[in-house]
Each structure stands twice: as structure tokens, then as C-alpha cells.
Amino acid sequence: MFIETHLGGGAVMLRKRPATRNVGIDLDPDVIAMWRRRDDVAVELFHGDAATYLADNPPPSTALVFADPPYWPGSRRRARCYACDYDEADHHRLLAVLAGLDCAVMITGYPNEAYAEALAGWHVTDYPNCTQTGLVAERAWTNYPPPVVLHDYDHVGMDFREREALRRRRRSHVRKLQRAPALERNAIFADLADAFPDELKLAVERFEQ
Ligand SMILES: C[S@@+](CC[C@H](N)C(=O)[O-])C[C@H]1O[C@@H](n2cnc3c(N)ncnc32)[C@H](O)[C@@H]1O
């Protein structure tokens with residue numbers, strides 16, 4: 001189950017592979033109306049306040065909650081970005097609800113002291129984001145360590161160049177294995193299974209789901 005608590009245009013919802021259940025929440029009725037018109041993605045929509053929704057509907061422990069709330073006051077590049085903005089009290093309430101959840105949680109925003117304090121002990125990943133005002137450093141806070149096994153590797157990399165370079169290397173490894181005689185290829189698979197037993201098991205499980 002995937003829950004995007006501040007859906008907006010749904011940059012993540014639209015790019016990730018669909019989960020068994022996809023839930024999108026937004027306080028802005030226009031955002032919800034825009035999503036209701038889409039027929040290409042199956043998203044359960046909730047019009048309302050994200051913190052209230054999560055408090056009333058605690059997600060199962062297997063869920064991933066992704067929260068990209070309006071920016072912390074003062075850290076915005078422009079005065080007002082969204083029809084529904086957050087004041088400091090809204091942020092604190094949201095963070096308290098998110099920190100109390102029993103599932104995986106990812107929060108994104110600009111680095112700021114209030115979040116650093118409220119999310120002390122969470123894992124932090126900084127990444128560049130291209131916005132209308134230029135390239136800015138954004139931060140993802142997660143209550144789980146950055147995973148090394150993913151169900152989709154197409155988005156790995158900090159920017160387009162890194163993602164393309166990784167794609168090229170992956171294709172080149174596969175082509176080399178395709179060209180190798182079957183016995184050599186299978187010997188390499190056996191060596192890989194010996195060297196990375198847990199990771200290989202997880203990679204194989206992708207086909208069994
Ligand atoms: C930073 S934007 C999210 C952008 C989104 N990640 C995207 O890809 O477009 C914040 C969103 O939070 C919504 N919002 C503001 N207050 C909210 C609240 N209390 N509960 C839920 N959504 C809220 C705004 O309407 C806006 O769509």
C-alpha cells in the first residue's frame with residue numbers, strides 16, 4: 001500500500017510502479033478534481049487534511065507513506081506556492097502524526113531546523129531538484145535506512161546523467177552475459193549466488209510475486 005499524503009501533481013505517484021493500493025490525499029479541492037478526471041492511474045482519493053486522515057486511518061505496517069508537505073515557512077523561494085499552505089503548528093502536528101506511524105515513512109522538503117529537531121534519528125538523503133527558480137538542494141527524511149534492494153531501479157541516480165550512466169552499465173553487463181557461452185554465464189550466476197546469497201534471493205523473488 002502506498003499513501004501520498006500531499007498529492008498535488010503526484011510526481012512520485014505517477015512515476016513509481018503501482019502498489020496493490022495507491023492512496024492520494026490533498027486538501028485542495030481543485031487537486032482532487034483534477035485527479036478524478038484521470039482514468040490512467042488507479043488512485044483512491046481523499047479530499048481533506050493529511051494528518052487527520054492518517055490519525056483516523058493508521059496505515060498497516062507494510063505501507064509506505066510519502067509526504068511532500070508545503071514548505072516550512074521562510075524556506076520557500078516564492079511567497080506562496082499552493083492554495084493550501086502550512087503554518088508552523090500544521091507542520092508540527094503533521095510531523096508528530098508521521099513519527100507515530102508503524103510503517104515506512106518518507107518526508108521531503110528543504111532542510112530546516114524544526115524538521116531536524118522533530119526528525120532526529122531519521123535517515124537523511126540530500127538530492128538536487130530542478131525547480132522553476134533553478135537547482136535547489138532538497139532533503140528526504142526516512143524512518144528506515146536507504147534500501148539497497150529495490151523493486152524498480154529505473155530511478156536510481158541523483159540526476160539524469162547518473163541515471164543514464166547506470167542504465168548504460170546495466171545494459172553492457174547484460175549484453176556481455178548474453179554473448180557468453182551458456183556454461184560460462186551459468187558459472188557466473190552460481191558465483192554470484194555464492195557471493196550475494198541474500199540479494200540474489202530478493203532479486204529472484206521479483207519474478208515470483
Ligand atoms: C509540496 S506540494 C506537493 C507536490 C507534489 N509532491 C507534486 O508532485 O506535485 C503540497 C501539496 O499539499 C497540499 N496540502 C496543503 N495542505 C494540506 C493538508 N493539510 N493536507 C493534505 N494536503 C495538503 C497542497 O494542496 C499541495 O497540493
# chains A, B, ... in the order shown; residues from 1 in each chain; ligands from 1

$ residues_near_ligand --ligand "ligand 1" --cutoff "10 Å" --atoms "only C-alpha atoms and all ligand atoms" --output "number ranges by chain"
A: 4-15, 24-32, 46-53, 66-71, 81-87, 90-91, 93-94, 108-109

$ write_last_selection --atoms "C-alpha atoms" --output "PDB file, in the first residue's frame"
ATOM      1  CA  GLU A   4       0.932  10.044  -0.895  1.00  0.00           C
ATOM      2  CA  THR A   5      -0.320  12.489   1.729  1.00  0.00           C
ATOM      3  CA  HIS A   6       0.101  15.776  -0.181  1.00  0.00           C
ATOM      4  CA  LEU A   7      -0.703  14.604  -3.660  1.00  0.00           C
ATOM      5  CA  GLY A   8      -0.510  17.804  -5.745  1.00  0.00           C
ATOM      6  CA  GLY A   9       0.548  16.823  -9.258  1.00  0.00           C
ATOM      7  CA  GLY A  10       1.708  13.456  -7.902  1.00  0.00           C
ATOM      8  CA  ALA A  11       5.251  13.468  -9.296  1.00  0.00           C
ATOM      9  CA  VAL A  12       6.037  10.299  -7.322  1.00  0.00           C
ATOM     10  CA  MET A  13       2.609   8.657  -7.691  1.00  0.00           C
ATOM     11  CA  LEU A  14       2.824   8.949 -11.474  1.00  0.00           C
ATOM     12  CA  ARG A  15       6.403   7.708 -11.848  1.00  0.00           C
ATOM     13  CA  GLY A  24      -3.706  10.076  -2.587  1.00  0.00           C
ATOM     14  CA  ILE A  25      -4.733  12.828  -0.139  1.00  0.00           C
ATOM     15  CA  ASP A  26      -4.947  16.573  -0.736  1.00  0.00           C
ATOM     16  CA  LEU A  27      -6.708  19.463   0.971  1.00  0.00           C
ATOM     17  CA  ASP A  28      -7.105  21.415  -2.253  1.00  0.00           C
ATOM     18  CA  PRO A  29     -10.429  20.507  -3.937  1.00  0.00           C
ATOM     19  CA  ASP A  30      -9.022  21.506  -7.340  1.00  0.00           C
ATOM     20  CA  VAL A  31      -6.199  18.973  -6.966  1.00  0.00           C
ATOM     21  CA  ILE A  32      -8.680  16.205  -6.116  1.00  0.00           C
ATOM     22  CA  PHE A  46      -9.276  11.558  -0.182  1.00  0.00           C
ATOM     23  CA  HIS A  47     -10.093  15.228  -0.011  1.00  0.00           C
ATOM     24  CA  GLY A  48      -9.021  16.525   3.394  1.00  0.00           C
ATOM     25  CA  ASP A  49      -6.228  17.136   5.859  1.00  0.00           C
ATOM     26  CA  ALA A  50      -3.381  14.615   5.685  1.00  0.00           C
ATOM     27  CA  ALA A  51      -2.620  14.489   9.430  1.00  0.00           C
ATOM     28  CA  THR A  52      -6.311  13.938  10.266  1.00  0.00           C
ATOM     29  CA  TYR A  53      -6.608  11.200   7.638  1.00  0.00           C
ATOM     30  CA  PHE A  66       5.228   9.532   1.284  1.00  0.00           C
ATOM     31  CA  ALA A  67       4.724  13.119   2.491  1.00  0.00           C
ATOM     32  CA  ASP A  68       5.747  16.178   0.483  1.00  0.00           C
ATOM     33  CA  PRO A  69       4.017  18.929   2.503  1.00  0.00           C
ATOM     34  CA  PRO A  70       4.065  22.656   1.699  1.00  0.00           C
ATOM     35  CA  TYR A  71       7.418  24.149   2.640  1.00  0.00           C
ATOM     36  CA  CYS A  81       3.174  28.221  -3.740  1.00  0.00           C
ATOM     37  CA  TYR A  82      -0.048  26.359  -3.047  1.00  0.00           C
ATOM     38  CA  ALA A  83      -3.695  27.138  -2.499  1.00  0.00           C
ATOM     39  CA  CYS A  84      -3.369  25.413   0.908  1.00  0.00           C
ATOM     40  CA  ASP A  85      -0.264  26.409   2.873  1.00  0.00           C
ATOM     41  CA  TYR A  86       1.075  25.204   6.249  1.00  0.00           C
ATOM     42  CA  ASP A  87       1.966  27.305   9.265  1.00  0.00           C
ATOM     43  CA  ASP A  90       0.457  22.497  10.987  1.00  0.00           C
ATOM     44  CA  HIS A  91       3.975  21.188  10.344  1.00  0.00           C
ATOM     45  CA  ARG A  93       1.133  18.339  14.032  1.00  0.00           C
ATOM     46  CA  LEU A  94       1.908  16.523  10.760  1.00  0.00           C
ATOM     47  CA  THR A 108      10.616  15.563   1.654  1.00  0.00           C
ATOM     48  CA  GLY A 109      11.322  19.280   1.938  1.00  0.00           C
TER      49      GLY A 109
END

$ residues_around --residues "Pro59 in chain A" --least-positions-apart "5" --cutoff "12 Å" --atoms "only C-alpha atoms" --output "list in words"
Met1, Phe2, Ile3, Glu4, Thr5, Arg21, Asn22, Val23, Tyr53, Leu54, Leu64, Val65, Phe66, Val97, Leu98, Gly100, Leu101, Asp102, Cys103, Ala104 and Val105 of chain A

$ closest_atom_pairs --of "range 35-68 of chain A" --to "range 16-20 of chain A" --cutoff "10 Å" --atoms "only C-alpha atoms" --output "CSV"
residue,atom,partner,partner_atom,distance
A:Val41,CA,A:Pro18,CA,8.4
A:Ala42,CA,A:Pro18,CA,8.2
A:Val43,CA,A:Pro18,CA,9.1
A:Ala63,CA,A:Ala19,CA,9.5
A:Leu64,CA,A:Ala19,CA,9.7

$ atom_distance --atom1 "CA of Tyr144 in chain A" --atom2 "CA of Tyr115 in chain A"
16.3 Å

$ closest_residue --among "A:Asp154, A:Ala55, A:Ala182, A:Met106" --to "His123 in chain A" --atoms "only C-alpha atoms"
A:Met106

$ select_by_dssp --residues "chain A" --states "strand (DSSP E or B)" --output "PDB file with C-alpha atoms, in the first residue's frame"
ATOM      1  CA  PHE A   2       1.356   3.432  -0.987  1.00  0.00           C
ATOM      2  CA  ILE A   3      -0.041   6.639   0.501  1.00  0.00           C
ATOM      3  CA  GLU A   4       0.932  10.044  -0.895  1.00  0.00           C
ATOM      4  CA  ASN A  22      -2.484   3.610  -4.046  1.00  0.00           C
ATOM      5  CA  VAL A  23      -3.970   6.350  -1.885  1.00  0.00           C
ATOM      6  CA  GLY A  24      -3.706  10.076  -2.587  1.00  0.00           C
ATOM      7  CA  ILE A  25      -4.733  12.828  -0.139  1.00  0.00           C
ATOM      8  CA  ASP A  26      -4.947  16.573  -0.736  1.00  0.00           C
ATOM      9  CA  GLU A  44      -8.052   6.076  -4.084  1.00  0.00           C
ATOM     10  CA  LEU A  45      -8.571   9.795  -3.463  1.00  0.00           C
ATOM     11  CA  PHE A  46      -9.276  11.558  -0.182  1.00  0.00           C
ATOM     12  CA  HIS A  47     -10.093  15.228  -0.011  1.00  0.00           C
ATOM     13  CA  LEU A  64       4.851   3.283   2.663  1.00  0.00           C
ATOM     14  CA  VAL A  65       3.685   6.810   3.440  1.00  0.00           C
ATOM     15  CA  PHE A  66       5.228   9.532   1.284  1.00  0.00           C
ATOM     16  CA  ALA A  67       4.724  13.119   2.491  1.00  0.00           C
ATOM     17  CA  ALA A 104       7.748   3.135   6.467  1.00  0.00           C
ATOM     18  CA  VAL A 105       7.585   6.925   6.111  1.00  0.00           C
ATOM     19  CA  MET A 106       9.401   9.292   3.745  1.00  0.00           C
ATOM     20  CA  ILE A 107       9.122  13.070   4.113  1.00  0.00           C
ATOM     21  CA  THR A 108      10.616  15.563   1.654  1.00  0.00           C
ATOM     22  CA  GLY A 109      11.322  19.280   1.938  1.00  0.00           C
ATOM     23  CA  HIS A 123      17.872   8.865   7.942  1.00  0.00           C
ATOM     24  CA  VAL A 124      18.635  11.839   5.716  1.00  0.00           C
ATOM     25  CA  THR A 125      19.269  11.825   1.964  1.00  0.00           C
ATOM     26  CA  ASP A 126      20.029  15.087   0.152  1.00  0.00           C
ATOM     27  CA  TYR A 127      19.386  15.412  -3.547  1.00  0.00           C
ATOM     28  CA  PRO A 128      19.343  18.181  -6.158  1.00  0.00           C
ATOM     29  CA  ASN A 129      15.932  19.177  -7.503  1.00  0.00           C
ATOM     30  CA  CYS A 130      15.336  21.265 -10.584  1.00  0.00           C
ATOM     31  CA  THR A 131      12.618  23.851  -9.801  1.00  0.00           C
ATOM     32  CA  GLY A 134      16.738  26.804 -10.500  1.00  0.00           C
ATOM     33  CA  LEU A 135      18.608  23.882  -8.969  1.00  0.00           C
ATOM     34  CA  VAL A 136      17.939  23.558  -5.218  1.00  0.00           C
ATOM     35  CA  ALA A 137      19.123  21.115  -2.547  1.00  0.00           C
ATOM     36  CA  GLU A 138      16.203  19.144  -1.128  1.00  0.00           C
ATOM     37  CA  ARG A 139      16.143  16.557   1.609  1.00  0.00           C
ATOM     38  CA  ALA A 140      14.346  13.257   2.177  1.00  0.00           C
ATOM     39  CA  TRP A 141      13.885  12.068   5.763  1.00  0.00           C
ATOM     40  CA  THR A 142      13.090   8.370   6.139  1.00  0.00           C
TER      41      THR A 142
END

$ select_by_dssp --residues "range 70-166 of chain A" --states "alpha helix (DSSP H)" --output "list in words"
Glu88, Ala89, Asp90, His91, His92, Arg93, Leu94, Leu95, Ala96, Val97, Leu98, Ala99, Glu113, Ala114, Tyr115, Ala116, Glu117, Ala118, Phe160, Arg161, Glu162, Arg163, Glu164, Ala165 and Leu166 of chain A

$ atom_distance --atom1 "CA of Phe160 in chain A" --atom2 "CA of Glu199 in chain A"
25.9 Å

$ decode --residues "range 48-80 of chain A" --atoms "N, CA, C and O atoms" --output "short mmCIF file (atom, residue, chain, number, x, y, z; two decimals), in the first residue's frame"
data_model
loop_
_atom_site.label_atom_id
_atom_site.label_comp_id
_atom_site.auth_asym_id
_atom_site.auth_seq_id
_atom_site.Cartn_x
_atom_site.Cartn_y
_atom_site.Cartn_z
N GLY A 48 -9.03 16.16 1.98
CA GLY A 48 -9.02 16.53 3.39
C GLY A 48 -7.61 16.72 3.90
O GLY A 48 -6.64 16.73 3.12
N ASP A 49 -7.51 16.87 5.22
CA ASP A 49 -6.23 17.14 5.86
C ASP A 49 -5.45 15.83 6.07
O ASP A 49 -5.99 14.86 6.63
N ALA A 50 -4.19 15.83 5.65
CA ALA A 50 -3.38 14.62 5.68
C ALA A 50 -3.21 14.07 7.11
O ALA A 50 -3.36 12.87 7.34
N ALA A 51 -2.88 14.96 8.06
CA ALA A 51 -2.62 14.49 9.43
C ALA A 51 -3.89 13.86 10.02
O ALA A 51 -3.83 12.82 10.69
N THR A 52 -5.04 14.48 9.75
CA THR A 52 -6.31 13.94 10.27
C THR A 52 -6.59 12.58 9.64
O THR A 52 -6.97 11.62 10.33
N TYR A 53 -6.37 12.48 8.32
CA TYR A 53 -6.61 11.20 7.64
C TYR A 53 -5.75 10.10 8.27
O TYR A 53 -6.25 9.01 8.57
N LEU A 54 -4.44 10.39 8.46
CA LEU A 54 -3.53 9.35 8.98
C LEU A 54 -3.87 8.97 10.42
O LEU A 54 -3.76 7.81 10.81
N ALA A 55 -4.28 9.98 11.21
CA ALA A 55 -4.64 9.69 12.60
C ALA A 55 -5.91 8.82 12.64
O ALA A 55 -6.02 7.92 13.47
N ASP A 56 -6.85 9.08 11.73
CA ASP A 56 -8.11 8.32 11.72
C ASP A 56 -7.97 6.96 11.03
O ASP A 56 -8.76 6.05 11.27
N ASN A 57 -7.00 6.86 10.11
CA ASN A 57 -6.83 5.60 9.33
C ASN A 57 -5.37 5.17 9.41
O ASN A 57 -4.63 5.28 8.42
N PRO A 58 -4.91 4.66 10.56
CA PRO A 58 -3.50 4.29 10.65
C PRO A 58 -3.14 3.23 9.60
O PRO A 58 -3.82 2.20 9.53
N PRO A 59 -2.13 3.48 8.77
CA PRO A 59 -1.79 2.54 7.70
C PRO A 59 -1.23 1.25 8.29
O PRO A 59 -0.64 1.27 9.38
N PRO A 60 -1.36 0.13 7.56
CA PRO A 60 -0.75 -1.13 8.03
C PRO A 60 0.77 -1.02 8.04
O PRO A 60 1.33 -0.16 7.36
N SER A 61 1.42 -1.90 8.80
CA SER A 61 2.88 -1.79 8.95
C SER A 61 3.62 -2.01 7.63
O SER A 61 4.78 -1.64 7.50
N THR A 62 2.95 -2.62 6.65
CA THR A 62 3.59 -2.89 5.35
C THR A 62 3.49 -1.70 4.39
O THR A 62 4.02 -1.75 3.29
N ALA A 63 2.80 -0.64 4.80
CA ALA A 63 2.58 0.51 3.90
C ALA A 63 3.82 1.40 3.82
O ALA A 63 4.69 1.36 4.70
N LEU A 64 3.88 2.18 2.76
CA LEU A 64 4.85 3.28 2.66
C LEU A 64 4.06 4.58 2.55
O LEU A 64 3.21 4.72 1.66
N VAL A 65 4.33 5.49 3.49
CA VAL A 65 3.68 6.81 3.44
C VAL A 65 4.70 7.81 2.91
O VAL A 65 5.82 7.92 3.46
N PHE A 66 4.34 8.51 1.85
CA PHE A 66 5.23 9.53 1.28
C PHE A 66 4.57 10.90 1.49
O PHE A 66 3.45 11.12 1.02
N ALA A 67 5.28 11.80 2.19
CA ALA A 67 4.72 13.12 2.49
C ALA A 67 5.61 14.22 1.92
O ALA A 67 6.80 14.30 2.25
N ASP A 68 5.03 15.03 1.05
CA ASP A 68 5.75 16.18 0.48
C ASP A 68 4.90 17.41 0.81
O ASP A 68 4.22 17.97 -0.05
N PRO A 69 4.91 17.83 2.08
CA PRO A 69 4.02 18.93 2.50
C PRO A 69 4.48 20.27 1.96
O PRO A 69 5.60 20.39 1.46
N PRO A 70 3.61 21.31 2.05
CA PRO A 70 4.07 22.66 1.70
C PRO A 70 5.32 22.98 2.52
O PRO A 70 5.52 22.41 3.59
N TYR A 71 6.12 23.89 2.00
CA TYR A 71 7.42 24.15 2.64
C TYR A 71 7.28 24.79 4.01
O TYR A 71 6.28 25.45 4.30
N TRP A 72 8.32 24.59 4.81
CA TRP A 72 8.40 25.25 6.12
C TRP A 72 8.40 26.75 5.89
O TRP A 72 9.12 27.24 5.03
N PRO A 73 7.58 27.54 6.64
CA PRO A 73 7.51 28.98 6.39
C PRO A 73 8.92 29.59 6.42
O PRO A 73 9.69 29.32 7.33
N GLY A 74 9.23 30.37 5.41
CA GLY A 74 10.55 31.01 5.39
C GLY A 74 11.54 30.28 4.50
O GLY A 74 12.47 30.88 4.00
N SER A 75 11.33 28.98 4.29
CA SER A 75 12.28 28.26 3.44
C SER A 75 11.82 28.25 1.99
O SER A 75 12.48 27.70 1.13
N ARG A 76 10.66 28.91 1.74
CA ARG A 76 10.17 28.95 0.36
C ARG A 76 10.94 29.95 -0.48
O ARG A 76 11.38 30.98 0.00
N ARG A 77 11.07 29.63 -1.75
CA ARG A 77 11.72 30.57 -2.68
C ARG A 77 10.72 31.65 -3.11
O ARG A 77 11.07 32.74 -3.41
N ARG A 78 9.44 31.25 -3.15
CA ARG A 78 8.42 32.22 -3.51
C ARG A 78 7.47 32.37 -2.34
O ARG A 78 7.36 31.47 -1.50
N ALA A 79 6.77 33.49 -2.28
CA ALA A 79 5.96 33.77 -1.10
C ALA A 79 4.89 32.70 -0.85
O ALA A 79 4.72 32.22 0.25
N ARG A 80 4.18 32.31 -1.89
CA ARG A 80 3.07 31.38 -1.69
C ARG A 80 3.02 30.44 -2.89
O ARG A 80 2.90 30.88 -4.02
#
